[in-house]
4 protein chains.
Amino acid sequence: MSFNTFGRVFRFTTWGESHGPALGAVVDGCPPGIALSEADIQPWLDKRRPGQSRFTTQRREPDQVRILSGVFDGRTTGTPISLMIENVDQRSKDYSDVALAYRPGHADYAYDAKYGFRDYRGGGRSSARETAARVAAGAVARAVVPQVRVRAWVEAIGGDEIDPAAFDDAQIDANPFFCPDAAAAARWEEKVDAARKSGSSLGAVIACEATGVPAGWGAPLYAKLDSELASAIMSINAVKGVEIGDGFAAAALSGEENADPMRPGNGGPRFLANHAGGIAGGIATGQPIRVRAAFKPTSSILTPVETITRTGEAADIATKGRHDPCVGIRGVPVVEAMVALVLADQALLHRAQCG
Amino acid sequence: MSFNTFGRVFRFTTWGESHGPALGAVVDGCPPGIALSEADIQPWLDKRRPGQSRFTTQRREPDQVRILSGVFDGRTTGTPISLMIENVDQRSKDYSDVALAYRPGHADYAYDAKYGFRDYRGGGRSSARETAARVAAGAVARAVVPQVRVRAWVEAIGGDEIDPAAFDDAQIDANPFFCPDAAAAARWEEKVDAARKSGSSLGAVIACEATGVPAGWGAPLYAKLDSELASAIMSINAVKGVEIGDGFAAAALSGEENADPMRPGNGGPRFLANHAGGIAGGIATGQPIRVRAAFKPTSSILTPVETITRTGEAADIATKGRHDPCVGIRGVPVVEAMVALVLADQALLHRAQCG
Amino acid sequence: MSFNTFGRVFRFTTWGESHGPALGAVVDGCPPGIALSEADIQPWLDKRRPGQSRFTTQRREPDQVRILSGVFDGRTTGTPISLMIENVDQRSKDYSDVALAYRPGHADYAYDAKYGFRDYRGGGRSSARETAARVAAGAVARAVVPQVRVRAWVEAIGGDEIDPAAFDDAQIDANPFFCPDAAAAARWEEKVDAARKSGSSLGAVIACEATGVPAGWGAPLYAKLDSELASAIMSINAVKGVEIGDGFAAAALSGEENADPMRPGNGGPRFLANHAGGIAGGIATGQPIRVRAAFKPTSSILTPVETITRTGEAADIATKGRHDPCVGIRGVPVVEAMVALVLADQALLHRAQCG
Amino acid sequence: MSFNTFGRVFRFTTWGESHGPALGAVVDGCPPGIALSEADIQPWLDKRRPGQSRFTTQRREPDQVRILSGVFDGRTTGTPISLMIENVDQRSKDYSDVALAYRPGHADYAYDAKYGFRDYRGGGRSSARETAARVAAGAVARAVVPQVRVRAWVEAIGGDEIDPAAFDDAQIDANPFFCPDAAAAARWEEKVDAARKSGSSLGAVIACEATGVPAGWGAPLYAKLDSELASAIMSINAVKGVEIGDGFAAAALSGEENADPMRPGNGGPRFLANHAGGIAGGIATGQPIRVRAAFKPTSSILTPVETITRTGEAADIATKGRHDPCVGIRGVPVVEAMVALVLADQALLHRAQCG
């Protein structure tokens with residue numbers, strides 16, 4: 001079943017395909033009286049926008065957002081906020097290859113298996129262009145929880161990891177890779193260039209930290225803060241893994257090694273470690289929330305791959321056209337948006353139940 | 001906000017605390033006419049039941065399930081199925097330690113921060129006893145999708161991994177660790193025994209495979225099959241990471257290495273690899289669904305850990321009492337249950353939209 | 001699809017059949033720290049309990065509620081509250097009549113058409129016994145919004161209406177009809193007795209007023225306060241109509257006649273009329289909320305009615321056994337419960353969005 | 001809380017204000033492969049369009065719908081269908097009256113009480129213009145359940161009722177009142193003209209019938225077909241009452257009078273009456289579904305009404321500008337749309353659970 005709405009009380013619904021006239025999001029449940037204009041949203045879209053360096057797809061989209069409802073006199077009214085972004089650069093081309101044969105790793109075959117047919121132009125609904133709508137909605141979420149700072153970066157590309165000791169927040173926006181380690185950024189430039197030139201692609205790991213989340217947001221069980229984050233992150237195209245705090249590394253630790261001891265602090269505990277990533281029992285502890293996401297390499301590669309056609313014959317397919325050599329890079333603002341959207345929802349839910 | 005219901009059309013709601021009179025689940029939306037009795041549910045609860053070996057908690061709970069509604073003449077009626085399990089072995093003890101000071105890594109502090117107070121007896125609602133209700137609901141889910149086989153096992157304990165080449169399905173039920181590799185099981189016996197004796201604890205990695213899922217189940221975006229699985233798995237106590245298919249390993253691959261090529265097969269493609277874990281674009285491809293979960297070591301350890309009291313003073317706390325030295329082991333039937341529950345929901349959703 | 005959960009953030013799920021071992025409700029999303037015990041719930045169940053006068057069914061059920069979870073040290077913990085009521089007086093009888101032929105006006109045929117078979121004992125899930133679970137949940141709702149007073153009464157039985165001028169709140173609990181007009185109560189005694197003796201049944205109109213609801217609760221559009229109330233009331237067995245404020249009478253008025261003029265008051269407007277029933281644009285105005293519900297006469301009558309059997313043959317059926325001659329009477333506490341449940345949900349939703 | 005989404009698996013979300021740039025709906029969960037174009041939607045919008053006779057508001061809106069997503073090659077793809085209608089005739093005028101003082105009966109005061117401020121231009125989100133989006137979504141719903149015919153008409157205006165014996169389906173589209181009784185239409189012409197000229201307004205009763213609904217759609221309890229219909233209808237601006245079948249009239253009947261006897265028929269029972277309006281126990285019986293809605297007279301009248309200003313002073317307010325003298329008339333396509341939307345949702349839900 002197609003569920004294009006996310007959230008419980010702060011909800012957003014996205015719509016639109018890669019090659020339709022437009023795409024957008026409807027944000028529902030936003031508190032009233034929050035200052036909001038297109039200028040608050042555009043910078044985040046710009047961060048995600050394609051065509052800004054040679055390391056991302058060369059599709060040129062201005063991604064100008066319009067607010068069509070829900071804002072009056074510069075403030076949210078409490079009614080649904082409709083955000084629309086027009087598609088501009090749907091390059092007219094011949095899609096017969098993709099229409100007739102399945103690209104392995106893409107959603108092509110699965111969509112056909114489910115729906116009987118598909119909008120094959122640029123991936124249709126399965127295109128990463130949909131994430132523009134999330135980023136727009138995420139900007140609204142940020143305005144709902146201004147006390148929270150959500151910040152993501154790339155930790156690894158193609159298995160080449162940053163040096164944690166070299167982490168420099170200022171670097172993140174200083175290179176085209178959202179890389180906090182200048183030396184790694186230099187290495188990645190070469191690496192991604194090579195992949196781009198050979199028509200290959202690379203996976204990436206994104207990390208995200210949210211600070212300013214008060215202890216108490218979140219909930220036990222099926223809307224646990226970590227469960228909601230996992231759902232949100234795993235809903236992003238190309239993501240195949242999610243970790244909270246130490247994640248899989250914690251599975252190799254003993255209880256002593258994994259402990260987050262507490263000492264008295266100012267207005268709450270002072271934690272001596274944060275293996276848990278700021279969440280215990282599904283509820284925020286007041287520490288920074290830490291999430292990691294694994295992005296697979298995009299399946300769009302020039303090397304021909306064995307496949308079958310719609311009618312079941314063997315074929316080889318190579319994906320030409322404009323693609324991200326490392327789709328994880330542009331995942332950074334998308335991960336941030338999803339984390340912000342979850343936190344805005346949880347903030348309102350916490351207020352509902354606990355005042 | 002407390003959301004104790006999971007699922008969209010096949011839904012279940014759990015209730016109950018570790019030391020209350022009982023716990024249970026209400027399964028709603030189950031199709032009518034399915035043969036179901038307590039005997040169909042009990043074996044799965046028995047698999048999860050504590051006190052079966054020295055490697056799990058020594059709490060002795062028969063975990064006898066009763067069906068209180070929704071079944072008539074041995075078949076489901078389409079109305080809500082109420083399942084109840086009585087708590088028997090709530091050992092009467094002094095909880096003053098836990099009531100007064102927070103156990104680091106437990107939900108104690110977070111619950112107090114959220115709710116202002118908590119049921120501290122045996123962890124209250126945050127206890128892993130809640131997962132008994134999930135396992136019972138999961139047995140109903142299995143009956144809804146009998147064509148699907150859901151099978152989980154332990155892949156690593158405390159960082160000691162199985163040898164994939166030694167994988168033997170028959171071994172999984174032949175040792176107390178749900179370990180498919182007899183040699184690893186032997187090593188783990190020693191390892192877990194050591195942890196148990198020293199009052200320490202160990203993390204674990206659980207893998208789960210679902211076969212028989214037809215291509216087409218699942219959906220794009222916010223109810224993607226992978227997103228729903230991530231949410232379900234991450235909602236289990238102690239889970240800190242989720243992977244679909246190759247997960248984080250995929251982030252280190254190139255597009256060529258990560259490809260899942262297709263050849264013509266019988267009534268659908270024959271895939272030459274399954275890096276994607278059986279899901280593309282959120283929709284099942286017909287390959288086995290593969291999920292992995294990272295369980296942290298339980299925070300209940302004998303070694304005193306620095307903490308604070310409810311009133312903010314420094315203290316040390318050691319968790320005595322009956323605990324699992326490796327809570328991941330008993331996570332095996334719980335992971336299976338959650339995967340079955342997601343698949344039953346997705347099966348009905350697929351039928352709703354696509355007939 | 002079976003949806004046995006009601007509410008958006010303050011939610012309850014009911015389960016159970018007329019002749020199963022028990023029935024119950026799980027209340028989820030309740031704020032923490034609210035004083036709650038079985039003694040707070042029982043009086044409302046007692047008000048609804050059958051067998052208290054000769055004007056209701058003679059089934060004898062003590063309807064003793066047990067709280068199985070979610071309450072600790074006399075206060076709600078914020079986790080799900082499981083409420084259970086055992087069925088005691090499931091008179092062992094021969095149901096072959098009902099199993100084989102459909103009672104017109106009952107859910108018998110519709111259930112069979114939907115599910116293929118049904119639990120025919122006492123109406124199974126379609127029995128009004130399910131409303132006991134609602135009344136129990138409603139008592140929790142009352143504790144969530146203690147500033148609100150929800151009060152229902154019977155306005156008409158079998159078309160015989162009370163005299164509004166004779167309305168006396170003290171009378172409502174002074175007769176077995178929840179009738180605020182002593183003279184009408186006297187007439188109804190005769191009327192209902194006649195129906196009872198002849199094995200007939202009568203319809204009724206219930207009115208309900210909620211005072212203390214602050215201006216602002218509610219919402220535009222699909223969770224409008226009036227829309228939520230309509231859904232809640234229409235979900236009660238035997239209800240066929242719902243009105244807010246003047247309801248259908250308003251359709252015969254002009255704009256001038258229907259106006260609710262305002263004058264300055266203390267801390268808000270003073271309204272000079274309340275045609276709107278306290279709701280404008282889906283949002284409470286601060287005036288009393290006024291709702292009315294039409295209960296049809298129960299279809300269980302001694303007069304044989306033409307019907308068909310499960311196998312499609314013509315038959316006549318008369319409903320023997322214990323039944324309410326006027327099921328609307330016992331609808332009073334159920335309507336109150338549903339209104340309280342809607343208001344508790346809206347109170348939390350309002351706090352979520354508007355602080 | 002603002003909930004602008006309706007439906008459980010076939011869902012739609014509306015957005016937009018009376019005087020914003022546009023309004024629209026996102027329809028989610030639509031089955032794939034259904035033929036759909038703007039030409040399938042436009043006729044229903046045309047039916048609702050203002051300015052078509054002197055009996056409706058003189059605002060001139062072409063209400064041209066655009067499909068922005070979810071349709072490819074003339075068929076639905078299974079992904080969200082975004083529908084947009086631009087606002088054209090937002091007459092530039094001075095709203096200072098409405099901005100400063102509350103119009104009794106409107107949502108003005110309630111919105112301010114809830115949100116602290118409001119978009120006062122043309123009623124903002126509370127304007128009946130929002131219903132254009134519902135009508136557009138309703139056209140999609142009709143395509144989902146083509147076997148169902150949903151047909152509404154006006155039964156009474158200002159208390160003047162049609163003669164049931166004079167019912168003529170062909171008349172409904174032959175006069176500007178959707179009136180099935182030619183004689184009543186003639187009377188109403190005079191009546192509504194008088195109200196229009198004097199700046200007054202009139203209430204109305206709308207009836208709606210859905211034929212072709214198979215026995216079995218619907219569900220017990222909180223998503224009962226009647227409960228869903230009540231919620232849907234009561235969410236329409238100006239509706240204050242909803243009846244299923246005989247509604248309030250049933251409350252005055254005896255069980256014998258209210259019975260719907262059955263005789264053997266072709267492939268199911270033949271019912272000898274339809275007091276129940278085609279629904280028993282929340283589930284369709286296969287008879288025509290019958291619903292009635294009470295529309296209050298619009299509060300926009302020229303006669304000055306006592307009110308207060310935003311700052312709490314006494315004032316008088318008269319509503320000038322373009323308004324419907326009888327808003328119920330244009331409610332006809334809106335009621336039809338909501339009934340179609342509920343039935344499409346229930347059709348998919350039934351398929352989900354019962355195959």
# chains A, B, ... in the order shown; residues from 1 in each chain; ligands from 1
>>> closest_atom_pairs(of="segment 110-223 of chain C", to="segment 69-86 of chain C", cutoff="10 Å", atoms="only C-alpha atoms", output="Markdown table")
| residue | atom | partner | partner_atom | distance |
| --- | --- | --- | --- | --- |
| C:Ala132 | CA | C:Ile85 | CA | 8.1 |
| C:Ala133 | CA | C:Ile85 | CA | 7.7 |
| C:Ala136 | CA | C:Leu83 | CA | 7.3 |
| C:Ala137 | CA | C:Leu83 | CA | 7.8 |
| C:Val140 | CA | C:Ile81 | CA | 9.0 |
>>> select_by_dssp(residues="segment 85-222 of chain D", states="strand (DSSP E)", output="list in words")
Ile85, Glu86, Arg149, Val150, Arg151, Ala152, Trp153, Val154, Glu155, Ala156, Ile157, Asp160, Glu161, Ala204, Val205, Ile206, Ala207, Cys208, Glu209, Ala210 and Thr211 of chain D
>>> interface_residues(of="chain B", to="chain C", cutoff="8 Å", atoms="only C-alpha atoms", output="PDB file with N, CA, C and O atoms, in the first residue's frame")
ATOM      1  N   MET B   1       4.818  10.420  23.403  1.00  0.00           N
ATOM      2  CA  MET B   1       3.487   9.833  23.432  1.00  0.00           C
ATOM      3  C   MET B   1       3.638   8.331  23.386  1.00  0.00           C
ATOM      4  O   MET B   1       4.427   7.793  22.623  1.00  0.00           O
ATOM      5  N   SER B   2       2.855   7.710  24.144  1.00  0.00           N
ATOM      6  CA  SER B   2       2.884   6.265  24.232  1.00  0.00           C
ATOM      7  C   SER B   2       2.088   5.684  23.069  1.00  0.00           C
ATOM      8  O   SER B   2       0.889   5.908  22.966  1.00  0.00           O
ATOM      9  N   PHE B   3       2.773   5.017  22.149  1.00  0.00           N
ATOM     10  CA  PHE B   3       2.056   4.343  21.062  1.00  0.00           C
ATOM     11  C   PHE B   3       2.350   2.858  21.156  1.00  0.00           C
ATOM     12  O   PHE B   3       3.417   2.426  20.758  1.00  0.00           O
ATOM     13  N   ASN B   4       1.413   2.128  21.667  1.00  0.00           N
ATOM     14  CA  ASN B   4       1.642   0.707  21.889  1.00  0.00           C
ATOM     15  C   ASN B   4       0.953  -0.158  20.850  1.00  0.00           C
ATOM     16  O   ASN B   4       0.730  -1.339  21.070  1.00  0.00           O
ATOM     17  N   VAL B   9      -2.947  -2.155   8.879  1.00  0.00           N
ATOM     18  CA  VAL B   9      -4.266  -2.799   8.828  1.00  0.00           C
ATOM     19  C   VAL B   9      -4.278  -4.102   9.636  1.00  0.00           C
ATOM     20  O   VAL B   9      -5.274  -4.436  10.249  1.00  0.00           O
ATOM     21  N   THR B  14       0.148  -3.996  22.450  1.00  0.00           N
ATOM     22  CA  THR B  14       0.570  -4.761  23.625  1.00  0.00           C
ATOM     23  C   THR B  14       0.386  -3.933  24.887  1.00  0.00           C
ATOM     24  O   THR B  14       0.348  -2.720  24.850  1.00  0.00           O
ATOM     25  N   TRP B  15       0.260  -4.628  25.989  1.00  0.00           N
ATOM     26  CA  TRP B  15       0.093  -3.974  27.293  1.00  0.00           C
ATOM     27  C   TRP B  15       0.753  -4.850  28.352  1.00  0.00           C
ATOM     28  O   TRP B  15       0.978  -6.046  28.142  1.00  0.00           O
ATOM     29  N   GLY B  16       1.071  -4.250  29.484  1.00  0.00           N
ATOM     30  CA  GLY B  16       1.563  -5.041  30.600  1.00  0.00           C
ATOM     31  C   GLY B  16       2.966  -4.691  31.036  1.00  0.00           C
ATOM     32  O   GLY B  16       3.789  -4.252  30.224  1.00  0.00           O
ATOM     33  N   GLU B  17       3.209  -4.909  32.298  1.00  0.00           N
ATOM     34  CA  GLU B  17       4.503  -4.630  32.881  1.00  0.00           C
ATOM     35  C   GLU B  17       5.126  -5.907  33.427  1.00  0.00           C
ATOM     36  O   GLU B  17       4.439  -6.917  33.612  1.00  0.00           O
ATOM     37  N   GLY B  20       3.334  -6.675  36.841  1.00  0.00           N
ATOM     38  CA  GLY B  20       1.885  -6.594  36.981  1.00  0.00           C
ATOM     39  C   GLY B  20       1.292  -7.989  36.967  1.00  0.00           C
ATOM     40  O   GLY B  20       2.006  -8.992  36.844  1.00  0.00           O
ATOM     41  N   PRO B  21      -0.016  -8.096  37.072  1.00  0.00           N
ATOM     42  CA  PRO B  21      -0.636  -9.425  37.120  1.00  0.00           C
ATOM     43  C   PRO B  21      -0.540 -10.193  35.798  1.00  0.00           C
ATOM     44  O   PRO B  21      -0.543 -11.409  35.783  1.00  0.00           O
ATOM     45  N   ALA B  22      -0.446  -9.456  34.675  1.00  0.00           N
ATOM     46  CA  ALA B  22      -0.443 -10.148  33.384  1.00  0.00           C
ATOM     47  C   ALA B  22       0.070  -9.189  32.328  1.00  0.00           C
ATOM     48  O   ALA B  22       0.282  -8.004  32.574  1.00  0.00           O
ATOM     49  N   LEU B  23       0.275  -9.722  31.129  1.00  0.00           N
ATOM     50  CA  LEU B  23       0.577  -8.883  29.980  1.00  0.00           C
ATOM     51  C   LEU B  23      -0.135  -9.510  28.799  1.00  0.00           C
ATOM     52  O   LEU B  23      -0.597 -10.653  28.860  1.00  0.00           O
ATOM     53  N   VAL B  26      -3.542  -7.333  21.835  1.00  0.00           N
ATOM     54  CA  VAL B  26      -4.789  -7.403  21.085  1.00  0.00           C
ATOM     55  C   VAL B  26      -4.421  -7.321  19.605  1.00  0.00           C
ATOM     56  O   VAL B  26      -3.807  -6.340  19.171  1.00  0.00           O
ATOM     57  N   ASP B  28      -5.649  -6.973  15.904  1.00  0.00           N
ATOM     58  CA  ASP B  28      -6.843  -6.475  15.219  1.00  0.00           C
ATOM     59  C   ASP B  28      -6.618  -6.506  13.707  1.00  0.00           C
ATOM     60  O   ASP B  28      -5.512  -6.285  13.235  1.00  0.00           O
ATOM     61  N   GLY B  29      -7.676  -6.782  12.989  1.00  0.00           N
ATOM     62  CA  GLY B  29      -7.578  -6.772  11.531  1.00  0.00           C
ATOM     63  C   GLY B  29      -7.206  -8.115  10.943  1.00  0.00           C
ATOM     64  O   GLY B  29      -6.919  -8.216   9.748  1.00  0.00           O
ATOM     65  N   CYS B  30      -7.213  -9.143  11.758  1.00  0.00           N
ATOM     66  CA  CYS B  30      -6.866 -10.477  11.260  1.00  0.00           C
ATOM     67  C   CYS B  30      -7.963 -10.976  10.317  1.00  0.00           C
ATOM     68  O   CYS B  30      -9.151 -10.848  10.618  1.00  0.00           O
ATOM     69  N   PRO B  32     -10.630 -13.398   8.599  1.00  0.00           N
ATOM     70  CA  PRO B  32     -11.474 -14.416   9.223  1.00  0.00           C
ATOM     71  C   PRO B  32     -11.178 -15.806   8.668  1.00  0.00           C
ATOM     72  O   PRO B  32     -10.598 -15.951   7.592  1.00  0.00           O
ATOM     73  N   GLY B  33     -11.572 -16.819   9.422  1.00  0.00           N
ATOM     74  CA  GLY B  33     -11.555 -18.179   8.918  1.00  0.00           C
ATOM     75  C   GLY B  33     -10.223 -18.888   9.023  1.00  0.00           C
ATOM     76  O   GLY B  33     -10.059 -19.977   8.478  1.00  0.00           O
ATOM     77  N   LEU B  68      -8.619 -14.859  24.523  1.00  0.00           N
ATOM     78  CA  LEU B  68      -9.836 -14.405  25.215  1.00  0.00           C
ATOM     79  C   LEU B  68     -10.945 -13.955  24.265  1.00  0.00           C
ATOM     80  O   LEU B  68     -12.077 -13.748  24.685  1.00  0.00           O
ATOM     81  N   SER B  69     -10.610 -13.770  22.996  1.00  0.00           N
ATOM     82  CA  SER B  69     -11.641 -13.293  22.047  1.00  0.00           C
ATOM     83  C   SER B  69     -11.162 -13.509  20.619  1.00  0.00           C
ATOM     84  O   SER B  69      -9.992 -13.778  20.372  1.00  0.00           O
ATOM     85  N   GLY B  70     -12.092 -13.387  19.690  1.00  0.00           N
ATOM     86  CA  GLY B  70     -11.733 -13.348  18.283  1.00  0.00           C
ATOM     87  C   GLY B  70     -11.591 -14.694  17.604  1.00  0.00           C
ATOM     88  O   GLY B  70     -11.295 -14.742  16.409  1.00  0.00           O
ATOM     89  N   PHE B  72     -13.550 -18.492  17.210  1.00  0.00           N
ATOM     90  CA  PHE B  72     -14.784 -19.243  17.466  1.00  0.00           C
ATOM     91  C   PHE B  72     -14.734 -20.535  16.670  1.00  0.00           C
ATOM     92  O   PHE B  72     -14.362 -20.516  15.491  1.00  0.00           O
ATOM     93  N   THR B  77     -12.424 -15.017  13.723  1.00  0.00           N
ATOM     94  CA  THR B  77     -13.712 -14.495  13.256  1.00  0.00           C
ATOM     95  C   THR B  77     -13.578 -13.168  12.510  1.00  0.00           C
ATOM     96  O   THR B  77     -14.563 -12.660  11.989  1.00  0.00           O
ATOM     97  N   GLY B  78     -12.377 -12.587  12.498  1.00  0.00           N
ATOM     98  CA  GLY B  78     -12.209 -11.262  11.898  1.00  0.00           C
ATOM     99  C   GLY B  78     -12.314 -10.146  12.915  1.00  0.00           C
ATOM    100  O   GLY B  78     -12.075  -8.991  12.586  1.00  0.00           O
ATOM    101  N   THR B  79     -12.640 -10.481  14.145  1.00  0.00           N
ATOM    102  CA  THR B  79     -12.724  -9.483  15.222  1.00  0.00           C
ATOM    103  C   THR B  79     -11.472  -9.581  16.091  1.00  0.00           C
ATOM    104  O   THR B  79     -10.682 -10.510  15.928  1.00  0.00           O
ATOM    105  N   PRO B  80     -11.262  -8.629  16.995  1.00  0.00           N
ATOM    106  CA  PRO B  80      -9.974  -8.579  17.702  1.00  0.00           C
ATOM    107  C   PRO B  80      -9.686  -9.822  18.542  1.00  0.00           C
ATOM    108  O   PRO B  80     -10.554 -10.321  19.244  1.00  0.00           O
ATOM    109  N   ILE B  81      -8.451 -10.257  18.441  1.00  0.00           N
ATOM    110  CA  ILE B  81      -7.980 -11.443  19.157  1.00  0.00           C
ATOM    111  C   ILE B  81      -7.206 -10.972  20.371  1.00  0.00           C
ATOM    112  O   ILE B  81      -6.147 -10.359  20.245  1.00  0.00           O
ATOM    113  N   SER B  82      -7.757 -11.235  21.530  1.00  0.00           N
ATOM    114  CA  SER B  82      -7.099 -10.812  22.769  1.00  0.00           C
ATOM    115  C   SER B  82      -6.296 -11.969  23.335  1.00  0.00           C
ATOM    116  O   SER B  82      -6.833 -13.050  23.587  1.00  0.00           O
ATOM    117  N   TYR B 115       7.934  10.997  32.415  1.00  0.00           N
ATOM    118  CA  TYR B 115       6.652  10.797  33.091  1.00  0.00           C
ATOM    119  C   TYR B 115       6.612  11.327  34.520  1.00  0.00           C
ATOM    120  O   TYR B 115       5.556  11.351  35.142  1.00  0.00           O
ATOM    121  N   GLY B 116       7.790  11.667  35.062  1.00  0.00           N
ATOM    122  CA  GLY B 116       7.803  12.183  36.425  1.00  0.00           C
ATOM    123  C   GLY B 116       7.959  11.093  37.469  1.00  0.00           C
ATOM    124  O   GLY B 116       8.402  11.348  38.576  1.00  0.00           O
ATOM    125  N   PHE B 117       7.579   9.873  37.120  1.00  0.00           N
ATOM    126  CA  PHE B 117       7.815   8.733  38.003  1.00  0.00           C
ATOM    127  C   PHE B 117       7.718   7.475  37.147  1.00  0.00           C
ATOM    128  O   PHE B 117       7.490   7.564  35.940  1.00  0.00           O
ATOM    129  N   ARG B 118       7.939   6.336  37.754  1.00  0.00           N
ATOM    130  CA  ARG B 118       7.914   5.101  36.958  1.00  0.00           C
ATOM    131  C   ARG B 118       7.614   3.903  37.839  1.00  0.00           C
ATOM    132  O   ARG B 118       7.849   3.925  39.047  1.00  0.00           O
ATOM    133  N   ASP B 119       7.137   2.854  37.186  1.00  0.00           N
ATOM    134  CA  ASP B 119       6.962   1.558  37.829  1.00  0.00           C
ATOM    135  C   ASP B 119       8.325   0.866  37.769  1.00  0.00           C
ATOM    136  O   ASP B 119       8.743   0.385  36.725  1.00  0.00           O
ATOM    137  N   ARG B 125       7.318  -1.272  32.331  1.00  0.00           N
ATOM    138  CA  ARG B 125       6.957  -1.418  30.933  1.00  0.00           C
ATOM    139  C   ARG B 125       8.182  -1.579  30.043  1.00  0.00           C
ATOM    140  O   ARG B 125       8.082  -2.089  28.935  1.00  0.00           O
TER     141      ARG B 125
END
>>> residues_around(residues="segment 42-47 of chain C", least_positions_apart="4", cutoff="8 Å", atoms="only C-alpha atoms", output="list in words")
Glu38, Asp63, Gln64, Val65, Ala132, Val135, Ala136, Ala139 and Pro333 of chain C
>>> write_last_selection(atoms="N, CA and C atoms", output="compact mmCIF listing (two decimals), in the first residue's frame")
# COMPACT_ATOMS: atom_id res chain seq x y z
N GLU C 38 -9.64 1.05 40.39
CA GLU C 38 -10.86 0.39 39.92
C GLU C 38 -12.11 1.09 40.46
N ASP C 63 -20.08 -7.18 36.09
CA ASP C 63 -19.25 -6.22 35.37
C ASP C 63 -18.19 -5.59 36.28
N GLN C 64 -17.48 -6.47 36.98
CA GLN C 64 -16.38 -5.99 37.82
C GLN C 64 -15.16 -5.75 36.96
N VAL C 65 -14.61 -4.55 37.00
CA VAL C 65 -13.45 -4.24 36.17
C VAL C 65 -12.16 -4.52 36.93
N ALA C 132 -19.60 -2.15 27.43
CA ALA C 132 -19.04 -2.12 28.79
C ALA C 132 -17.58 -1.68 28.75
N VAL C 135 -17.38 2.02 28.34
CA VAL C 135 -17.70 2.76 29.56
C VAL C 135 -16.50 2.74 30.51
N ALA C 136 -15.80 1.61 30.57
CA ALA C 136 -14.61 1.54 31.42
C ALA C 136 -13.55 2.51 30.91
N ALA C 139 -14.31 6.11 31.69
CA ALA C 139 -14.01 6.56 33.05
C ALA C 139 -12.57 7.07 33.14
N PRO C 333 -25.02 5.90 29.62
CA PRO C 333 -23.61 5.94 30.03
C PRO C 333 -22.65 5.69 28.88
>>> closest_residue(among="C:Pro297, C:Gly218, C:Gly355, C:Gly51", to="Gly278 of chain C", atoms="only C-alpha atoms")
C:Gly218
>>> residues_around(residues="Tyr109 of chain D", least_positions_apart="3", cutoff="9 Å", atoms="only C-alpha atoms", output="ChimeraX atom specification")
/C:215,269,280,285 /D:101-106,112-114,310
>>> closest_residue(among="D:Gln52, D:Asn175, D:Ser198, D:Asn258", to="Lys320 of chain D", atoms="only C-alpha atoms")
D:Ser198
>>> select_by_dssp(residues="segment 85-313 of chain C", states="alpha helix (DSSP H)", output="count of residues only")
59
>>> residues_around(residues="Ile172 of chain C", least_positions_apart="4", cutoff="10 Å", atoms="only C-alpha atoms", output="MDAnalysis selection string")
chainID C and resid 151:154 167:168 176:182 185
>>> residues_around(residues="Arg54 of chain D", least_positions_apart="5", cutoff="10 Å", atoms="only C-alpha atoms", output="ChimeraX atom specification")
/D:176,189,192-193,196,324-325
